[in-house]
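Dropping protein_13.cif in here (mmCIF, C-alpha atoms):
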data_query
loop_
_atom_site.group_PDB
_atom_site.id
_atom_site.type_symbol
_atom_site.label_atom_id
_atom_site.label_comp_id
_atom_site.auth_asym_id
_atom_site.auth_seq_id
_atom_site.Cartn_x
_atom_site.Cartn_y
_atom_site.Cartn_z
ATOM 1 C CA MET A 1 7.165 3.948 -4.018
ATOM 2 C CA SER A 2 10.829 4.739 -4.625
ATOM 3 C CA ALA A 3 11.515 4.581 -8.340
ATOM 4 C CA LEU A 4 15.081 3.306 -8.210
ATOM 5 C CA ALA A 5 14.938 1.048 -5.177
ATOM 6 C CA ALA A 6 14.949 -2.731 -5.402
ATOM 7 C CA LEU A 7 13.836 -3.866 -1.982
ATOM 8 C CA VAL A 8 15.320 -7.132 -0.805
ATOM 9 C CA LEU A 9 13.191 -9.278 1.474
ATOM 10 C CA LEU A 10 14.436 -12.294 3.369
ATOM 11 C CA ALA A 11 11.456 -14.474 4.191
ATOM 12 C CA PRO A 12 12.105 -17.132 6.800
ATOM 13 C CA ALA A 13 12.151 -20.779 5.976
ATOM 14 C CA ALA A 14 10.085 -22.989 8.249
ATOM 15 C CA CYS A 15 11.388 -22.902 11.806
ATOM 16 C CA ASN A 16 14.190 -20.463 11.016
ATOM 17 C CA ARG A 17 15.085 -19.653 14.607
ATOM 18 C CA ARG A 18 16.815 -22.116 16.865
ATOM 19 C CA LEU A 19 13.823 -22.030 19.194
ATOM 20 C CA ASP A 20 10.735 -21.496 17.070
ATOM 21 C CA ILE A 21 8.654 -20.243 19.994
ATOM 22 C CA GLY A 22 7.912 -16.908 21.575
ATOM 23 C CA THR A 23 7.983 -13.451 20.020
ATOM 24 C CA VAL A 24 8.457 -13.063 16.263
ATOM 25 C CA VAL A 25 11.674 -11.107 15.575
ATOM 26 C CA VAL A 26 11.783 -8.839 12.498
ATOM 27 C CA SER A 27 14.823 -6.858 11.363
ATOM 28 C CA ALA A 28 14.206 -3.799 9.166
ATOM 29 C CA ILE A 29 17.211 -2.296 7.411
ATOM 30 C CA GLY A 30 17.585 1.296 8.560
ATOM 31 C CA GLU A 31 17.535 3.420 11.691
ATOM 32 C CA PRO A 32 15.560 2.352 14.801
ATOM 33 C CA PRO A 33 11.816 2.588 14.060
ATOM 34 C CA ARG A 34 9.853 5.642 15.176
ATOM 35 C CA VAL A 35 6.261 6.836 14.957
ATOM 36 C CA ALA A 36 6.619 9.763 12.558
ATOM 37 C CA ASP A 37 4.299 12.084 10.657
ATOM 38 C CA ALA A 38 4.774 11.494 6.911
ATOM 39 C CA SER A 39 3.675 15.064 6.172
ATOM 40 C CA ARG A 40 6.743 16.381 8.011
ATOM 41 C CA THR A 41 9.529 13.845 7.613
ATOM 42 C CA PRO A 42 10.498 11.024 5.251
ATOM 43 C CA LEU A 43 9.813 7.498 6.473
ATOM 44 C CA GLY A 44 12.490 4.806 6.417
ATOM 45 C CA THR A 45 11.696 1.108 6.092
ATOM 46 C CA PRO A 46 11.587 0.548 9.887
ATOM 47 C CA ASP A 47 9.272 3.571 10.291
ATOM 48 C CA ARG A 48 6.944 2.329 7.532
ATOM 49 C CA LEU A 49 6.728 -1.137 9.070
ATOM 50 C CA LEU A 50 5.994 0.280 12.516
ATOM 51 C CA ILE A 51 3.304 2.625 11.198
ATOM 52 C CA ASP A 52 1.822 -0.032 8.926
ATOM 53 C CA ALA A 53 1.485 -2.334 11.949
ATOM 54 C CA THR A 54 0.047 0.191 14.378
ATOM 55 C CA ALA A 55 -1.945 2.601 12.181
ATOM 56 C CA GLN A 56 -4.121 1.345 9.351
ATOM 57 C CA GLY A 57 -5.598 3.485 6.622
ATOM 58 C CA LEU A 58 -9.087 3.483 5.163
ATOM 59 C CA VAL A 59 -7.990 0.293 3.406
ATOM 60 C CA ARG A 60 -4.927 -1.902 3.630
ATOM 61 C CA PHE A 61 -3.117 -4.688 1.780
ATOM 62 C CA ASP A 62 -3.726 -8.324 2.672
ATOM 63 C CA ALA A 63 -0.998 -10.994 2.627
ATOM 64 C CA ALA A 64 -1.430 -11.401 -1.142
ATOM 65 C CA GLY A 65 -1.116 -7.669 -1.821
ATOM 66 C CA GLN A 66 -4.821 -7.199 -2.505
ATOM 67 C CA ILE A 67 -6.947 -4.383 -1.086
ATOM 68 C CA GLU A 68 -8.996 -5.266 1.986
ATOM 69 C CA PRO A 69 -10.976 -3.177 4.512
ATOM 70 C CA GLY A 70 -9.046 -1.125 7.039
ATOM 71 C CA LEU A 71 -10.880 1.511 9.049
ATOM 72 C CA ALA A 72 -13.437 1.518 6.244
ATOM 73 C CA GLU A 73 -15.547 -1.624 6.484
ATOM 74 C CA ARG A 74 -16.894 -1.108 2.948
ATOM 75 C CA TRP A 75 -16.983 1.456 0.139
ATOM 76 C CA ILE A 76 -18.563 2.245 -3.216
ATOM 77 C CA VAL A 77 -17.303 4.117 -6.265
ATOM 78 C CA ILE A 78 -19.851 6.252 -8.130
ATOM 79 C CA ASP A 79 -20.081 9.004 -10.759
ATOM 80 C CA GLY A 80 -17.703 7.278 -13.126
ATOM 81 C CA GLY A 81 -14.902 7.063 -10.573
ATOM 82 C CA MET A 82 -15.270 10.653 -9.414
ATOM 83 C CA SER A 83 -16.564 9.820 -5.934
ATOM 84 C CA TYR A 84 -15.494 7.237 -3.327
ATOM 85 C CA ILE A 85 -17.836 6.791 -0.365
ATOM 86 C CA PHE A 86 -16.419 4.959 2.677
ATOM 87 C CA ARG A 87 -18.408 3.607 5.618
ATOM 88 C CA LEU A 88 -16.191 3.507 8.701
ATOM 89 C CA ARG A 89 -16.231 0.594 11.085
ATOM 90 C CA GLU A 90 -16.051 0.917 14.839
ATOM 91 C CA GLY A 91 -12.424 1.673 15.649
ATOM 92 C CA GLN A 92 -10.441 2.757 18.674
ATOM 93 C CA TRP A 93 -7.252 4.720 19.182
ATOM 94 C CA GLY A 94 -4.581 3.363 21.456
ATOM 95 C CA ASP A 95 -6.076 5.143 24.467
ATOM 96 C CA GLY A 96 -9.463 3.510 23.892
ATOM 97 C CA THR A 97 -11.250 6.578 22.510
ATOM 98 C CA PRO A 98 -13.331 6.025 19.353
ATOM 99 C CA VAL A 99 -12.158 6.978 15.887
ATOM 100 C CA THR A 100 -14.519 9.559 14.376
ATOM 101 C CA ALA A 101 -15.220 10.578 10.776
ATOM 102 C CA ASN A 102 -14.126 14.156 11.539
ATOM 103 C CA GLN A 103 -10.771 12.896 12.782
ATOM 104 C CA VAL A 104 -10.281 10.723 9.684
ATOM 105 C CA VAL A 105 -10.972 13.643 7.354
ATOM 106 C CA GLY A 106 -8.656 15.929 9.340
ATOM 107 C CA LEU A 107 -5.796 13.427 9.269
ATOM 108 C CA LEU A 108 -6.099 12.852 5.520
ATOM 109 C CA ASP A 109 -6.332 16.592 4.851
ATOM 110 C CA ARG A 110 -3.108 17.140 6.789
ATOM 111 C CA GLN A 111 -1.223 14.656 4.604
ATOM 112 C CA MET A 112 -2.491 16.286 1.400
ATOM 113 C CA ALA A 113 -2.215 19.918 2.510
ATOM 114 C CA ARG A 114 -0.083 22.491 0.741
ATOM 115 C CA GLY A 115 3.446 22.192 2.061
ATOM 116 C CA SER A 116 3.087 18.554 3.090
ATOM 117 C CA ARG A 117 6.257 16.514 2.653
ATOM 118 C CA ASN A 118 4.309 13.288 2.179
ATOM 119 C CA PRO A 119 5.811 11.601 -0.916
ATOM 120 C CA LEU A 120 2.324 10.532 -2.040
ATOM 121 C CA THR A 121 0.975 14.093 -2.203
ATOM 122 C CA PRO A 122 1.901 14.565 -5.902
ATOM 123 C CA PHE A 123 -0.156 11.461 -6.735
ATOM 124 C CA LEU A 124 -3.224 12.802 -4.921
ATOM 125 C CA THR A 125 -3.812 15.969 -6.924
ATOM 126 C CA ALA A 126 -6.963 14.331 -8.318
ATOM 127 C CA VAL A 127 -8.551 14.574 -4.843
ATOM 128 C CA ASP A 128 -10.747 17.687 -4.798
ATOM 129 C CA GLU A 129 -12.021 17.414 -1.227
ATOM 130 C CA ILE A 130 -12.858 14.930 1.528
ATOM 131 C CA VAL A 131 -16.083 15.557 3.423
ATOM 132 C CA VAL A 132 -17.999 14.063 6.336
ATOM 133 C CA MET A 133 -21.419 12.841 5.224
ATOM 134 C CA THR A 134 -22.556 11.194 8.482
ATOM 135 C CA PRO A 135 -20.741 10.236 11.724
ATOM 136 C CA GLN A 136 -19.828 6.918 10.036
ATOM 137 C CA VAL A 137 -19.504 7.918 6.364
ATOM 138 C CA ILE A 138 -16.993 10.076 4.486
ATOM 139 C CA GLU A 139 -16.781 10.927 0.786
ATOM 140 C CA VAL A 140 -13.646 11.493 -1.270
ATOM 141 C CA ARG A 141 -14.504 13.722 -4.233
ATOM 142 C CA LEU A 142 -12.186 13.819 -7.240
ATOM 143 C CA ASN A 143 -11.713 16.307 -10.047
ATOM 144 C CA ARG A 144 -10.680 13.491 -12.371
ATOM 145 C CA PRO A 145 -10.695 9.677 -12.080
ATOM 146 C CA ARG A 146 -7.802 8.053 -10.198
ATOM 147 C CA PRO A 147 -8.074 4.248 -10.715
ATOM 148 C CA ASP A 148 -5.329 3.429 -8.193
ATOM 149 C CA LEU A 149 -6.718 5.585 -5.372
ATOM 150 C CA LEU A 150 -7.337 2.621 -3.062
ATOM 151 C CA LYS A 151 -3.736 1.451 -3.499
ATOM 152 C CA LEU A 152 -2.553 4.894 -2.437
ATOM 153 C CA PHE A 153 -4.814 4.912 0.621
ATOM 154 C CA ALA A 154 -3.344 1.533 1.636
ATOM 155 C CA GLN A 155 0.219 2.887 1.843
ATOM 156 C CA PRO A 156 1.769 3.522 5.304
ATOM 157 C CA GLU A 157 2.238 7.187 4.377
ATOM 158 C CA LEU A 158 -1.554 7.565 4.407
ATOM 159 C CA ALA A 159 -2.166 5.533 7.553
ATOM 160 C CA LEU A 160 -4.463 7.302 9.998
ATOM 161 C CA LEU A 161 -1.967 8.232 12.665
ATOM 162 C CA ARG A 162 -2.443 10.676 15.519
ATOM 163 C CA VAL A 163 0.537 12.743 16.575
ATOM 164 C CA ARG A 164 -0.649 13.686 20.098
ATOM 165 C CA PRO A 165 -1.195 11.302 21.699
ATOM 166 C CA SER A 166 0.710 9.336 19.094
ATOM 167 C CA GLY A 167 -0.567 6.084 17.695
ATOM 168 C CA GLY A 168 -3.133 4.554 15.387
ATOM 169 C CA SER A 169 -6.009 2.126 15.517
ATOM 170 C CA GLY A 170 -4.058 -1.097 15.113
ATOM 171 C CA PRO A 171 -3.951 -3.889 14.188
ATOM 172 C CA PHE A 172 -0.991 -3.804 16.629
ATOM 173 C CA ARG A 173 -0.186 -1.630 19.625
ATOM 174 C CA VAL A 174 3.271 -0.731 20.956
ATOM 175 C CA ALA A 175 3.441 -2.775 24.159
ATOM 176 C CA ALA A 176 6.996 -1.725 25.035
ATOM 177 C CA PHE A 177 8.844 1.286 23.628
ATOM 178 C CA GLY A 178 12.563 1.596 22.951
ATOM 179 C CA THR A 179 14.945 1.197 20.014
ATOM 180 C CA ALA A 180 13.363 -2.202 19.291
ATOM 181 C CA PRO A 181 9.663 -1.806 20.170
ATOM 182 C CA LEU A 182 7.501 -4.764 21.089
ATOM 183 C CA LEU A 183 4.234 -4.918 19.149
ATOM 184 C CA ARG A 184 1.149 -6.728 20.447
ATOM 185 C CA PRO A 185 -2.178 -7.350 18.656
ATOM 186 C CA ALA A 186 -4.695 -4.626 19.511
ATOM 187 C CA TYR A 187 -8.066 -5.351 21.019
ATOM 188 C CA ASP A 188 -10.627 -5.256 18.199
ATOM 189 C CA PRO A 189 -14.254 -4.740 19.304
ATOM 190 C CA ASN A 190 -15.439 -6.022 15.917
ATOM 191 C CA ARG A 191 -13.975 -9.485 16.368
ATOM 192 C CA ALA A 192 -15.771 -12.427 17.940
ATOM 193 C CA ASP A 193 -14.711 -13.852 21.312
ATOM 194 C CA PRO A 194 -13.497 -10.539 22.772
ATOM 195 C CA GLU A 195 -12.262 -12.189 25.956
ATOM 196 C CA ASP A 196 -9.893 -14.391 23.954
ATOM 197 C CA GLN A 197 -8.194 -11.261 22.653
ATOM 198 C CA ARG A 198 -7.232 -10.195 26.155
ATOM 199 C CA GLU A 199 -5.125 -13.311 26.721
ATOM 200 C CA GLU A 200 -1.430 -12.637 26.113
ATOM 201 C CA GLU A 201 0.123 -15.006 23.578
ATOM 202 C CA PRO A 202 3.856 -14.326 23.063
ATOM 203 C CA GLU A 203 3.784 -16.080 19.673
ATOM 204 C CA ARG A 204 1.560 -13.282 18.344
ATOM 205 C CA ASP A 205 3.899 -10.490 19.492
ATOM 206 C CA VAL A 206 6.477 -8.914 17.184
ATOM 207 C CA ARG A 207 9.851 -7.401 18.098
ATOM 208 C CA LEU A 208 10.805 -4.819 15.425
ATOM 209 C CA ILE A 209 14.510 -4.027 15.116
ATOM 210 C CA GLY A 210 16.038 -1.320 12.904
ATOM 211 C CA GLU A 211 19.669 -2.029 12.008
ATOM 212 C CA ARG A 212 22.331 -2.062 9.285
ATOM 213 C CA ALA A 213 21.959 -4.548 6.438
ATOM 214 C CA ALA A 214 25.047 -6.543 7.402
ATOM 215 C CA ARG A 215 23.902 -6.951 10.995
ATOM 216 C CA ALA A 216 20.337 -7.844 9.945
ATOM 217 C CA ILE A 217 21.503 -10.482 7.473
ATOM 218 C CA ALA A 218 23.973 -11.907 10.002
ATOM 219 C CA ARG A 219 21.211 -12.099 12.611
ATOM 220 C CA PHE A 220 18.981 -13.992 10.185
ATOM 221 C CA ALA A 221 21.788 -16.317 9.097
ATOM 222 C CA ALA A 222 22.457 -17.112 12.761
ATOM 223 C CA ARG A 223 18.740 -18.002 13.099
ATOM 224 C CA ASP A 224 18.161 -15.277 15.652
ATOM 225 C CA SER A 225 15.392 -13.563 13.661
ATOM 226 C CA ASP A 226 12.430 -14.588 11.549
ATOM 227 C CA MET A 227 12.512 -11.987 8.791
ATOM 228 C CA VAL A 228 14.602 -9.211 7.257
ATOM 229 C CA SER A 229 12.929 -6.424 5.291
ATOM 230 C CA GLY A 230 14.351 -3.521 3.326
ATOM 231 C CA GLY A 231 17.666 -2.797 1.716
ATOM 232 C CA SER A 232 18.621 -2.273 -1.918
ATOM 233 C CA PHE A 233 20.647 -3.894 -4.665
ATOM 234 C CA ALA A 234 23.764 -2.444 -2.988
ATOM 235 C CA ASP A 235 23.169 -4.860 -0.092
ATOM 236 C CA TRP A 236 22.674 -7.852 -2.385
ATOM 237 C CA PRO A 237 26.372 -8.968 -2.371
ATOM 238 C CA LEU A 238 26.138 -9.493 1.403
ATOM 239 C CA LEU A 239 23.975 -12.553 0.759
ATOM 240 C CA ALA A 240 26.948 -14.271 -0.896
ATOM 241 C CA THR A 241 28.767 -14.275 2.453
ATOM 242 C CA THR A 242 26.076 -16.427 4.083
ATOM 243 C CA ASP A 243 24.545 -19.853 3.588
ATOM 244 C CA ILE A 244 20.943 -18.572 3.550
ATOM 245 C CA ALA A 245 18.810 -20.892 1.449
ATOM 246 C CA PRO A 246 17.699 -19.394 -1.892
ATOM 247 C CA ALA A 247 14.104 -20.288 -1.011
ATOM 248 C CA SER A 248 14.303 -17.826 1.876
ATOM 249 C CA ILE A 249 15.191 -14.870 -0.354
ATOM 250 C CA ARG A 250 12.446 -12.690 -1.802
ATOM 251 C CA VAL A 251 12.508 -9.584 -3.958
ATOM 252 C CA ASP A 252 9.768 -7.001 -3.668
ATOM 253 C CA PRO A 253 7.374 -7.724 -6.592
ATOM 254 C CA ALA A 254 6.106 -4.146 -6.840
ATOM 255 C CA VAL A 255 5.932 -2.692 -10.330
ATOM 256 C CA GLY A 256 8.494 0.060 -10.648
ATOM 257 C CA LEU A 257 11.795 1.197 -12.134
ATOM 258 C CA PHE A 258 15.144 -0.364 -11.263
ATOM 259 C CA GLY A 259 18.317 0.898 -12.873
ATOM 260 C CA LEU A 260 21.163 3.363 -12.822
ATOM 261 C CA ALA A 261 20.739 7.090 -12.268
ATOM 262 C CA ILE A 262 23.159 9.846 -13.256
ATOM 263 C CA ILE A 263 24.012 11.762 -10.088
ATOM 264 C CA SER A 264 26.617 14.144 -11.534
ATOM 265 C CA ARG A 265 26.538 16.016 -14.856
ATOM 266 C CA SER A 266 30.033 17.448 -14.717
ATOM 267 C CA GLY A 267 33.130 16.486 -16.677
ATOM 268 C CA PHE A 268 32.549 13.715 -19.229
ATOM 269 C CA LEU A 269 28.856 13.460 -18.286
ATOM 270 C CA ALA A 270 28.210 17.144 -18.942
ATOM 271 C CA THR A 271 27.605 16.455 -22.649
ATOM 272 C CA PRO A 272 24.283 14.842 -23.679
ATOM 273 C CA ALA A 273 26.032 12.923 -26.473
ATOM 274 C CA ASN A 274 28.434 11.346 -23.962
ATOM 275 C CA ARG A 275 25.584 10.399 -21.655
ATOM 276 C CA SER A 276 23.729 8.869 -24.600
ATOM 277 C CA ALA A 277 26.774 6.850 -25.644
ATOM 278 C CA LEU A 278 27.280 5.589 -22.097
ATOM 279 C CA ALA A 279 23.614 4.622 -21.784
ATOM 280 C CA GLN A 280 23.742 2.655 -25.033
ATOM 281 C CA ALA A 281 26.906 0.853 -23.904
ATOM 282 C CA ILE A 282 25.234 -0.647 -20.818
ATOM 283 C CA ASP A 283 24.300 -4.321 -21.188
ATOM 284 C CA ARG A 284 20.967 -4.231 -19.360
ATOM 285 C CA VAL A 285 20.350 -7.945 -19.736
ATOM 286 C CA ALA A 286 23.663 -8.822 -18.087
ATOM 287 C CA LEU A 287 23.179 -6.210 -15.361
ATOM 288 C CA THR A 288 19.689 -7.484 -14.554
ATOM 289 C CA SER A 289 20.722 -11.142 -14.616
ATOM 290 C CA ALA A 290 23.468 -10.453 -12.082
ATOM 291 C CA ILE A 291 20.834 -9.285 -9.585
ATOM 292 C CA ALA A 292 17.851 -11.497 -10.423
ATOM 293 C CA PRO A 293 18.153 -13.990 -13.301
ATOM 294 C CA ASN A 294 14.385 -14.413 -13.531
ATOM 295 C CA TRP A 295 13.648 -10.707 -14.114
ATOM 296 C CA GLU A 296 12.575 -9.585 -17.566
ATOM 297 C CA PRO A 297 14.514 -6.479 -18.694
ATOM 298 C CA ALA A 298 12.532 -3.650 -20.293
ATOM 299 C CA ASP A 299 13.712 -0.883 -22.588
ATOM 300 C CA ARG A 300 10.977 1.605 -21.761
ATOM 301 C CA ILE A 301 10.381 3.704 -18.659
ATOM 302 C CA LEU A 302 6.698 2.680 -18.526
ATOM 303 C CA PRO A 303 6.385 -0.854 -19.934
ATOM 304 C CA ASP A 304 2.671 -0.862 -19.116
ATOM 305 C CA PRO A 305 0.088 1.966 -19.290
ATOM 306 C CA LEU A 306 0.334 2.263 -15.520
ATOM 307 C CA ASP A 307 -1.933 4.922 -14.000
ATOM 308 C CA LEU A 308 -2.504 6.445 -17.426
ATOM 309 C CA GLY A 309 -5.666 6.734 -19.451
ATOM 310 C CA ARG A 310 -3.624 6.234 -22.617
ATOM 311 C CA ALA A 311 -0.736 4.186 -23.906
ATOM 312 C CA ALA A 312 2.700 4.908 -22.447
ATOM 313 C CA SER A 313 4.989 7.223 -24.394
ATOM 314 C CA GLY A 314 7.772 5.817 -26.513
ATOM 315 C CA SER A 315 10.566 7.190 -24.309
ATOM 316 C CA ARG A 316 13.256 4.558 -24.201
ATOM 317 C CA LEU A 317 15.576 3.955 -21.274
ATOM 318 C CA ASP A 318 18.676 4.969 -23.216
ATOM 319 C CA ALA A 319 17.125 8.375 -23.903
ATOM 320 C CA ALA A 320 16.050 8.715 -20.269
ATOM 321 C CA ASP A 321 19.500 7.730 -19.020
ATOM 322 C CA ALA A 322 21.083 10.238 -21.350
ATOM 323 C CA GLY A 323 18.780 13.183 -20.606
#
Please, can you express the file's structure as structure tokens?
Amino acid sequence: MSALAALVLLAPAACNRRLDIGTVVVSAIGEPPRVADASRTPLGTPDRLLIDATAQGLVRFDAAGQIEPGLAERWIVIDGGMSYIFRLREGQWGDGTPVTANQVVGLLDRQMARGSRNPLTPFLTAVDEIVVMTPQVIEVRLNRPRPDLLKLFAQPELALLRVRPSGGSGPFRVAAFGTAPLLRPAYDPNRADPEDQREEEPERDVRLIGERAARAIARFAARDSDMVSGGSFADWPLLATTDIAPASIRVDPAVGLFGLAIISRSGFLATPANRSALAQAIDRVALTSAIAPNWEPADRILPDPLDLGRAASGSRLDAADAG
């Protein structure tokens, strides 16, 4: 959700590692992953990946980025988008105790409470209240329509995560703690062939490593990992020092804003006219092409009427850069 971040993903080519067997190794650029409460502390890329793997929300994203059921097995939207009713499936916490509707409502309320540091809280002001209707059904009541509500509920920051004892409802469990935790698929009572789930298969395990961009890219280039996730355009030049195949490089396709931000308004940049002149002097096409030649530059902050019930304003990027 960061407005100025361009996340760089390195997706593995077929059989990237020297020995394409055993545990899947994933490097996330940042500090070692930790299970953290998004209402109290910001989440880095390794934290988000760990939470996304071990604590699902009401819904989640599938491999194609589409919404699919999470803890909610199905849902309906009524009253012109003013009410979302979710039916919860049978879920279990890491200690085997069942997930209840009261717990779900309490966890969501904590993330949206006054004083929460969850970065999604400002986008959830349309939520009026969340109530328990039955032991398996909850209702999210809005004070105005929010068309992207399901996308927000699918973010790791709104994953249903207990603090004590820590953990979520899967789809993975932390099988071994440490600076590089080992993740193992969780037992799911809703799946067929429950006995098959209890058989350990190393190929389904994931080792999650949090480390600096240079070390992560070097590990991947040496074929000692299967994937690198995270980073920014500042890490992009590191790719030129390796022989990683272009087909293995991915850029996060999320709709957002990528550009330059003024971080100091002193000296020459203290005058709006100077900032405006500097903004107009930037060749955005050349700058964009240097990072990703196939990107289409835009001259507006909101090129599409994203999350708005009206057309985007005419604010151009040069005015935004200068303001």
Can you translate the PyMOL selection byres ((chain A and resi 102) around 9) into the concrete residues it hits in this file, as a PyMOL selection string? chain A and resi 99-101+103-107+131-132+135+138
Residues just named, written with C-alpha atoms as a compact mmCIF listing (two decimals), in the coordinates of the input:
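out.txt, written as the output of this step:
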# COMPACT_ATOMS: atom_id res chain seq x y z
CA VAL A 99 -12.16 6.98 15.89
CA THR A 100 -14.52 9.56 14.38
CA ALA A 101 -15.22 10.58 10.78
CA GLN A 103 -10.77 12.90 12.78
CA VAL A 104 -10.28 10.72 9.68
CA VAL A 105 -10.97 13.64 7.35
CA GLY A 106 -8.66 15.93 9.34
CA LEU A 107 -5.80 13.43 9.27
CA VAL A 131 -16.08 15.56 3.42
CA VAL A 132 -18.00 14.06 6.34
CA PRO A 135 -20.74 10.24 11.72
CA ILE A 138 -16.99 10.08 4.49
Which is closest to Phe86 in chain A among A:Phe233, A:Phe153, A:Tyr187, A:Phe177, if we use all atoms listed in the file?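 Checking each candidate against Phe86 in chain A, we get A:Phe153 as the closest.
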Kindly resolve the PyMOL selection byres ((chain A and resi 32-42) around 6) on the present coordinates and return the residues as a PDB file with C-alpha atoms, in the coordinates of the input.
ATOM      1  CA  GLU A  31      17.535   3.420  11.691  1.00  0.00           C
ATOM      2  CA  LEU A  43       9.813   7.498   6.473  1.00  0.00           C
ATOM      3  CA  PRO A  46      11.587   0.548   9.887  1.00  0.00           C
ATOM      4  CA  ASP A  47       9.272   3.571  10.291  1.00  0.00           C
ATOM      5  CA  GLN A 111      -1.223  14.656   4.604  1.00  0.00           C
ATOM      6  CA  SER A 116       3.087  18.554   3.090  1.00  0.00           C
ATOM      7  CA  ARG A 117       6.257  16.514   2.653  1.00  0.00           C
ATOM      8  CA  ASN A 118       4.309  13.288   2.179  1.00  0.00           C
ATOM      9  CA  GLU A 157       2.238   7.187   4.377  1.00  0.00           C
ATOM     10  CA  THR A 179      14.945   1.197  20.014  1.00  0.00           C
ATOM     11  CA  GLY A 210      16.038  -1.320  12.904  1.00  0.00           C
TER      12      GLY A 210
END
I'd like the interatomic distance between CA of Gly81 in chain A and CA of Phe61 in chain A, to a tenth of an Å.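 Those two atoms sit 20.7 Å apart.
The space between CA of Arg250 in chain A and CA of Leu152 in chain A spans 23.1 Å.
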Smallest atom-to-atom distance to Asp52 in chain A: which of A:Arg173, A:Arg219, A:Arg204, A:Arg284, using only C-alpha atoms? A:Arg173
Do you know which residues the PyMOL selection byres ((chain A and resi 128) around 12) returns on this file, as a PyMOL selection string? chain A and resi 82-84+109+112-113+124-127+129-131+139-146
Looking at all atoms listed in the file, which of A:Ile51, A:Ala175, A:Leu182, A:Ala222 is the one that sits closest to Asp243 in chain A?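 Selected residue with least distance to Asp243 in chain A: A:Ala222.
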The residue from A:Leu58, A:Leu120, A:Ala234, A:Leu161 with the smallest atom-to-atom distance to Ala72 in chain A, counting all atoms listed in the file, is A:Leu58
Which of these residues is nearest to Ile217 in chain A, using only C-alpha atoms: A:Phe123, A:Trp75, A:Trp236, A:Phe172?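 Selected residue with least distance to Ile217 in chain A: A:Trp236.
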Enter the distance from CA of Gly170 in chain A to CA of Arg60 in chain A, in Å, rounded to one decimal. 11.5 Å
